[in-house]
Amino acid sequence: YGATLVKNPYYELVKPSEGNLPELKSNITAENSTEIIKKVIDLVYALDKENTANVNSMEIFLELTTTKVLNSEGVDYTYALPELIIELVVDCKGEGEEVELYDMIEVSAFDEELLKEKINADLVNVERRAGAAPLKDVAGLPIVLTGEAVKEMFTYYTSKSSASFVYNKYTQLKVGDNAQGEAIKGDKVSITLMPEIPNSPSSKYVDADGVRLVELPLIKDGKLLAYHGSSRYSQYCEVEVTGSIPNVKVNTGSVNFEDMTKDFFQPLMHLLFS
């Protein structure tokens, strides 16, 4: 009886597709997992010695997960992907009190250069914070976003183009509209949704509903090309079912960092929120 009170529209379950899923790429296996963890430890200790800041504490988790997707229509897919998680606390003693920063690094493969870049950035950032002083008047000073702040900014476009946002009337953006508005300053954005990108622990070629995932051009030169989302909400909106594609690729702009900031004596660099 309770189900008769639900107002959600009816939608079809996903039907199976022919062919096997592509294999997700990673250099981590059950056989080399202990060796990978030892490499992470050695890398962190080496960077700790090279910097003024210190590694306060660290936890390393290595998960080898196999996921199986089934439904009553005959969908039956299995895929495996490891995830390496490094929880890191770094600290540095400034003129006043000691400062700490926490970070959680999540990757699906061991890439020494990538991990070195991320961990070294944590050590450099906490050292900068330890030496930080109150801001003076910064009115009119350009702000440059980096790192996680840039990723968060681009979720604006992926959210506003999702079928769930359309159905729930959280967005008025329509296919063919300029996603950046009419008065675009700077480059026009181009975004592609990707089932797999290197080192992403979110990568997969099938979503939780059993939809096979493929690369989807979402926005080209600022113009929205398609909606995207789960089978349920795509059916609600009567658009092509793309599935929930986990990764986002944004094309580079026409100006590099040095040229972007050359006219400013010292732009205000955003490093991280806390």
# chains A, B, ... in the order shown; residues from 1 in each chain; ligands from 1

$ select_by_dssp --residues "range 65-265 of chain A" --states "helix (DSSP H, G or I)" --output "MDAnalysis selection string"
chainID A and resid 112:130 148:160 163:167 231:236 257:261

$ write_last_selection --atoms "C-alpha atoms" --output "PDB file, in the first residue's frame"
ATOM      1  CA  GLU A 112      55.864   8.481  -7.769  1.00  0.00           C
ATOM      2  CA  GLU A 113      56.027  11.895  -9.434  1.00  0.00           C
ATOM      3  CA  LEU A 114      52.358  12.639  -8.784  1.00  0.00           C
ATOM      4  CA  LEU A 115      52.585  11.609  -5.121  1.00  0.00           C
ATOM      5  CA  LYS A 116      55.805  13.579  -4.703  1.00  0.00           C
ATOM      6  CA  GLU A 117      54.078  16.670  -6.105  1.00  0.00           C
ATOM      7  CA  LYS A 118      51.058  16.330  -3.788  1.00  0.00           C
ATOM      8  CA  ILE A 119      53.014  15.563  -0.604  1.00  0.00           C
ATOM      9  CA  ASN A 120      55.628  18.223  -1.278  1.00  0.00           C
ATOM     10  CA  ALA A 121      52.826  20.763  -1.828  1.00  0.00           C
ATOM     11  CA  ASP A 122      51.419  19.917   1.621  1.00  0.00           C
ATOM     12  CA  LEU A 123      54.816  20.483   3.248  1.00  0.00           C
ATOM     13  CA  VAL A 124      55.361  23.769   1.398  1.00  0.00           C
ATOM     14  CA  ASN A 125      51.848  25.021   2.202  1.00  0.00           C
ATOM     15  CA  VAL A 126      52.104  24.369   5.939  1.00  0.00           C
ATOM     16  CA  GLU A 127      55.468  26.150   6.007  1.00  0.00           C
ATOM     17  CA  ARG A 128      53.901  29.145   4.263  1.00  0.00           C
ATOM     18  CA  ARG A 129      51.004  29.123   6.696  1.00  0.00           C
ATOM     19  CA  ALA A 130      53.406  29.061   9.661  1.00  0.00           C
ATOM     20  CA  GLU A 148      40.874  21.641  -5.403  1.00  0.00           C
ATOM     21  CA  ALA A 149      39.294  25.091  -5.779  1.00  0.00           C
ATOM     22  CA  VAL A 150      39.513  24.779  -9.571  1.00  0.00           C
ATOM     23  CA  LYS A 151      37.876  21.333  -9.470  1.00  0.00           C
ATOM     24  CA  GLU A 152      35.100  22.700  -7.277  1.00  0.00           C
ATOM     25  CA  MET A 153      34.526  25.627  -9.640  1.00  0.00           C
ATOM     26  CA  PHE A 154      33.944  23.311 -12.615  1.00  0.00           C
ATOM     27  CA  THR A 155      31.331  21.281 -10.716  1.00  0.00           C
ATOM     28  CA  TYR A 156      29.092  24.289 -11.405  1.00  0.00           C
ATOM     29  CA  TYR A 157      28.911  23.237 -15.059  1.00  0.00           C
ATOM     30  CA  THR A 158      28.529  19.492 -14.435  1.00  0.00           C
ATOM     31  CA  SER A 159      25.814  20.093 -11.839  1.00  0.00           C
ATOM     32  CA  LYS A 160      23.849  22.560 -13.948  1.00  0.00           C
ATOM     33  CA  ALA A 163      19.406  15.440 -15.549  1.00  0.00           C
ATOM     34  CA  SER A 164      18.646  15.379 -11.821  1.00  0.00           C
ATOM     35  CA  PHE A 165      19.103  19.171 -11.605  1.00  0.00           C
ATOM     36  CA  VAL A 166      16.916  19.631 -14.677  1.00  0.00           C
ATOM     37  CA  TYR A 167      14.132  17.407 -13.359  1.00  0.00           C
ATOM     38  CA  SER A 231      19.073   6.108 -16.012  1.00  0.00           C
ATOM     39  CA  ARG A 232      16.237   7.207 -13.729  1.00  0.00           C
ATOM     40  CA  TYR A 233      16.621  10.951 -14.181  1.00  0.00           C
ATOM     41  CA  SER A 234      17.512  10.697 -17.866  1.00  0.00           C
ATOM     42  CA  GLN A 235      14.227   8.850 -18.424  1.00  0.00           C
ATOM     43  CA  TYR A 236      12.345  11.411 -16.342  1.00  0.00           C
ATOM     44  CA  PHE A 257      50.132  30.704 -16.040  1.00  0.00           C
ATOM     45  CA  GLU A 258      53.176  32.913 -16.601  1.00  0.00           C
ATOM     46  CA  ASP A 259      51.440  35.013 -19.249  1.00  0.00           C
ATOM     47  CA  MET A 260      48.259  35.187 -17.185  1.00  0.00           C
ATOM     48  CA  THR A 261      50.072  36.751 -14.225  1.00  0.00           C
TER      49      THR A 261
END

$ residues_around --residues "range 54-60 of chain A" --least-positions-apart "6" --cutoff "8 Å" --atoms "only C-alpha atoms" --output "list in words"
Ile37, Val44, Asp48, Leu84, Ile85, Ile86, Glu87, Leu88, Val89, Val90, Asp91, Cys92 and Leu123 of chain A

$ write_last_selection --atoms "N, CA and C atoms" --output "CSV table (one decimal), in the first residue's frame"
chain,number,residue,atom,x,y,z
A,37,ILE,N,53.2,0.0,-0.6
A,37,ILE,CA,53.2,0.7,0.7
A,37,ILE,C,54.6,1.1,1.1
A,44,VAL,N,57.7,9.5,1.5
A,44,VAL,CA,57.3,10.5,2.5
A,44,VAL,C,58.4,10.8,3.4
A,48,ASP,N,60.2,14.5,3.8
A,48,ASP,CA,60.2,15.0,5.1
A,48,ASP,C,61.6,15.6,5.4
A,84,LEU,N,44.6,3.6,-3.4
A,84,LEU,CA,45.6,3.9,-2.5
A,84,LEU,C,45.2,5.2,-1.8
A,85,ILE,N,45.1,5.2,-0.5
A,85,ILE,CA,44.7,6.4,0.3
A,85,ILE,C,45.8,6.7,1.3
A,86,ILE,N,46.2,8.0,1.3
A,86,ILE,CA,47.3,8.4,2.2
A,86,ILE,C,46.7,9.6,3.0
A,87,GLU,N,46.5,9.3,4.3
A,87,GLU,CA,46.1,10.4,5.2
A,87,GLU,C,47.3,11.0,5.8
A,88,LEU,N,47.5,12.3,5.7
A,88,LEU,CA,48.7,12.9,6.0
A,88,LEU,C,48.5,14.2,6.9
A,89,VAL,N,49.2,14.3,8.0
A,89,VAL,CA,49.2,15.5,8.8
A,89,VAL,C,50.6,16.0,8.8
A,90,VAL,N,50.8,17.3,8.4
A,90,VAL,CA,52.1,17.9,8.3
A,90,VAL,C,52.0,19.1,9.3
A,91,ASP,N,53.2,19.5,9.8
A,91,ASP,CA,53.2,20.6,10.7
A,91,ASP,C,54.5,21.4,10.5
A,92,CYS,N,54.5,22.7,11.0
A,92,CYS,CA,55.6,23.6,11.0
A,92,CYS,C,55.5,24.6,12.1
A,123,LEU,N,53.7,20.0,2.4
A,123,LEU,CA,54.8,20.5,3.2
A,123,LEU,C,55.1,22.0,3.0

$ select_by_dssp --residues "range 37-204 of chain A" --states "strand (DSSP E)" --output "PyMOL selection string"
chain A and resi 54-70+76-93+98-107+143-144+191-194

$ write_last_selection --atoms "N, CA and C atoms" --output "compact mmCIF listing (two decimals), in the first residue's frame"
# COMPACT_ATOMS: atom_id res chain seq x y z
N ASN A 54 57.46 19.38 8.67
CA ASN A 54 57.62 17.98 9.06
C ASN A 54 56.34 17.19 8.81
N VAL A 55 56.52 15.89 8.63
CA VAL A 55 55.38 14.98 8.62
C VAL A 55 55.09 14.61 10.07
N ASN A 56 53.92 15.00 10.54
CA ASN A 56 53.53 14.73 11.92
C ASN A 56 53.07 13.28 12.07
N SER A 57 52.19 12.87 11.18
CA SER A 57 51.66 11.50 11.23
C SER A 57 51.10 11.12 9.86
N MET A 58 50.96 9.82 9.65
CA MET A 58 50.50 9.34 8.35
C MET A 58 49.84 7.99 8.52
N GLU A 59 48.76 7.78 7.77
CA GLU A 59 48.13 6.48 7.67
C GLU A 59 47.99 6.13 6.20
N ILE A 60 48.30 4.88 5.86
CA ILE A 60 48.22 4.42 4.48
C ILE A 60 47.22 3.28 4.41
N PHE A 61 46.28 3.39 3.46
CA PHE A 61 45.30 2.33 3.23
C PHE A 61 45.38 1.92 1.77
N LEU A 62 45.37 0.62 1.52
CA LEU A 62 45.36 0.14 0.15
C LEU A 62 44.21 -0.85 0.03
N GLU A 63 43.22 -0.46 -0.75
CA GLU A 63 42.02 -1.28 -0.91
C GLU A 63 41.98 -1.88 -2.32
N LEU A 64 41.73 -3.17 -2.38
CA LEU A 64 41.57 -3.85 -3.67
C LEU A 64 40.12 -4.30 -3.75
N THR A 65 39.31 -3.54 -4.48
CA THR A 65 37.85 -3.74 -4.48
C THR A 65 37.36 -4.30 -5.80
N THR A 66 36.56 -5.34 -5.72
CA THR A 66 35.87 -5.88 -6.89
C THR A 66 34.39 -5.57 -6.75
N THR A 67 33.81 -4.93 -7.76
CA THR A 67 32.40 -4.51 -7.74
C THR A 67 31.61 -5.33 -8.75
N LYS A 68 30.46 -5.81 -8.33
CA LYS A 68 29.57 -6.56 -9.22
C LYS A 68 28.24 -5.83 -9.29
N VAL A 69 27.75 -5.60 -10.51
CA VAL A 69 26.48 -4.90 -10.75
C VAL A 69 25.50 -5.89 -11.37
N LEU A 70 24.37 -6.09 -10.69
CA LEU A 70 23.35 -7.04 -11.14
C LEU A 70 21.98 -6.38 -11.11
N ASP A 76 24.78 -8.02 -15.65
CA ASP A 76 25.74 -8.74 -14.80
C ASP A 76 27.15 -8.32 -15.22
N TYR A 77 27.69 -7.33 -14.52
CA TYR A 77 29.02 -6.81 -14.83
C TYR A 77 29.89 -6.87 -13.58
N THR A 78 31.17 -7.10 -13.79
CA THR A 78 32.14 -7.11 -12.69
C THR A 78 33.36 -6.30 -13.10
N TYR A 79 33.84 -5.46 -12.20
CA TYR A 79 35.09 -4.73 -12.48
C TYR A 79 35.87 -4.56 -11.18
N ALA A 80 37.17 -4.39 -11.31
CA ALA A 80 38.04 -4.26 -10.14
C ALA A 80 38.92 -3.03 -10.30
N LEU A 81 39.13 -2.33 -9.20
CA LEU A 81 40.02 -1.16 -9.20
C LEU A 81 40.58 -0.95 -7.79
N PRO A 82 41.91 -0.88 -7.66
CA PRO A 82 42.49 -0.59 -6.35
C PRO A 82 42.39 0.90 -6.01
N GLU A 83 42.51 1.20 -4.74
CA GLU A 83 42.56 2.59 -4.29
C GLU A 83 43.62 2.72 -3.21
N LEU A 84 44.56 3.62 -3.44
CA LEU A 84 45.60 3.94 -2.47
C LEU A 84 45.23 5.25 -1.78
N ILE A 85 45.08 5.20 -0.46
CA ILE A 85 44.69 6.38 0.31
C ILE A 85 45.81 6.71 1.30
N ILE A 86 46.24 7.96 1.27
CA ILE A 86 47.27 8.43 2.20
C ILE A 86 46.68 9.58 3.01
N GLU A 87 46.49 9.34 4.30
CA GLU A 87 46.06 10.41 5.20
C GLU A 87 47.30 10.99 5.85
N LEU A 88 47.48 12.29 5.66
CA LEU A 88 48.75 12.93 6.03
C LEU A 88 48.49 14.16 6.89
N VAL A 89 49.22 14.25 7.99
CA VAL A 89 49.22 15.47 8.82
C VAL A 89 50.64 16.02 8.81
N VAL A 90 50.78 17.26 8.35
CA VAL A 90 52.09 17.92 8.34
C VAL A 90 52.04 19.12 9.26
N ASP A 91 53.20 19.48 9.83
CA ASP A 91 53.23 20.64 10.73
C ASP A 91 54.50 21.44 10.54
N CYS A 92 54.46 22.67 11.04
CA CYS A 92 55.61 23.55 10.96
C CYS A 92 55.53 24.57 12.08
N LYS A 93 56.66 24.85 12.71
CA LYS A 93 56.72 25.82 13.81
C LYS A 93 57.09 27.19 13.26
N GLU A 98 52.64 26.41 16.66
CA GLU A 98 52.84 25.42 15.61
C GLU A 98 51.56 25.30 14.76
N VAL A 99 51.74 25.10 13.47
CA VAL A 99 50.62 25.01 12.54
C VAL A 99 50.57 23.61 11.96
N GLU A 100 49.34 23.06 11.83
CA GLU A 100 49.15 21.74 11.23
C GLU A 100 48.21 21.84 10.02
N LEU A 101 48.43 20.96 9.05
CA LEU A 101 47.52 20.81 7.92
C LEU A 101 47.25 19.32 7.70
N TYR A 102 46.01 19.01 7.36
CA TYR A 102 45.61 17.63 7.08
C TYR A 102 45.27 17.48 5.60
N ASP A 103 45.66 16.37 5.02
CA ASP A 103 45.31 16.10 3.63
C ASP A 103 45.02 14.61 3.47
N MET A 104 44.10 14.29 2.55
CA MET A 104 43.85 12.90 2.19
C MET A 104 44.05 12.76 0.70
N ILE A 105 45.04 11.99 0.33
CA ILE A 105 45.40 11.77 -1.07
C ILE A 105 44.81 10.44 -1.50
N GLU A 106 44.05 10.44 -2.60
CA GLU A 106 43.40 9.23 -3.09
C GLU A 106 43.75 9.02 -4.55
N VAL A 107 44.37 7.89 -4.86
CA VAL A 107 44.76 7.57 -6.23
C VAL A 107 44.48 6.08 -6.49
N ILE A 143 42.92 37.36 -8.02
CA ILE A 143 42.98 36.10 -7.28
C ILE A 143 43.09 34.96 -8.28
N VAL A 144 44.04 34.07 -8.05
CA VAL A 144 44.26 32.92 -8.91
C VAL A 144 43.89 31.65 -8.13
N ILE A 191 34.27 20.85 -21.89
CA ILE A 191 34.30 19.82 -20.85
C ILE A 191 33.85 18.49 -21.44
N THR A 192 34.56 17.42 -21.09
CA THR A 192 34.20 16.07 -21.50
C THR A 192 34.11 15.20 -20.27
N LEU A 193 33.06 14.39 -20.16
CA LEU A 193 32.94 13.42 -19.08
C LEU A 193 33.61 12.12 -19.52
N MET A 194 34.40 11.54 -18.62
CA MET A 194 35.23 10.39 -18.96
C MET A 194 34.98 9.22 -18.00

$ residues_around --residues "Ile219 in chain A" --least-positions-apart "4" --cutoff "9 Å" --atoms "only C-alpha atoms" --output "number ranges by chain"
A: 157, 178-179, 189-192, 223-226

$ closest_residue --among "A:Ala133, A:Asn32, A:Ser17, A:Val241" --to "Gly96 in chain A" --atoms "only C-alpha atoms"
A:Ala133

$ closest_residue --among "A:Asp111, A:Asp137, A:Glu31, A:Glu97" --to "Ser200 in chain A" --atoms "only C-alpha atoms"
A:Asp111
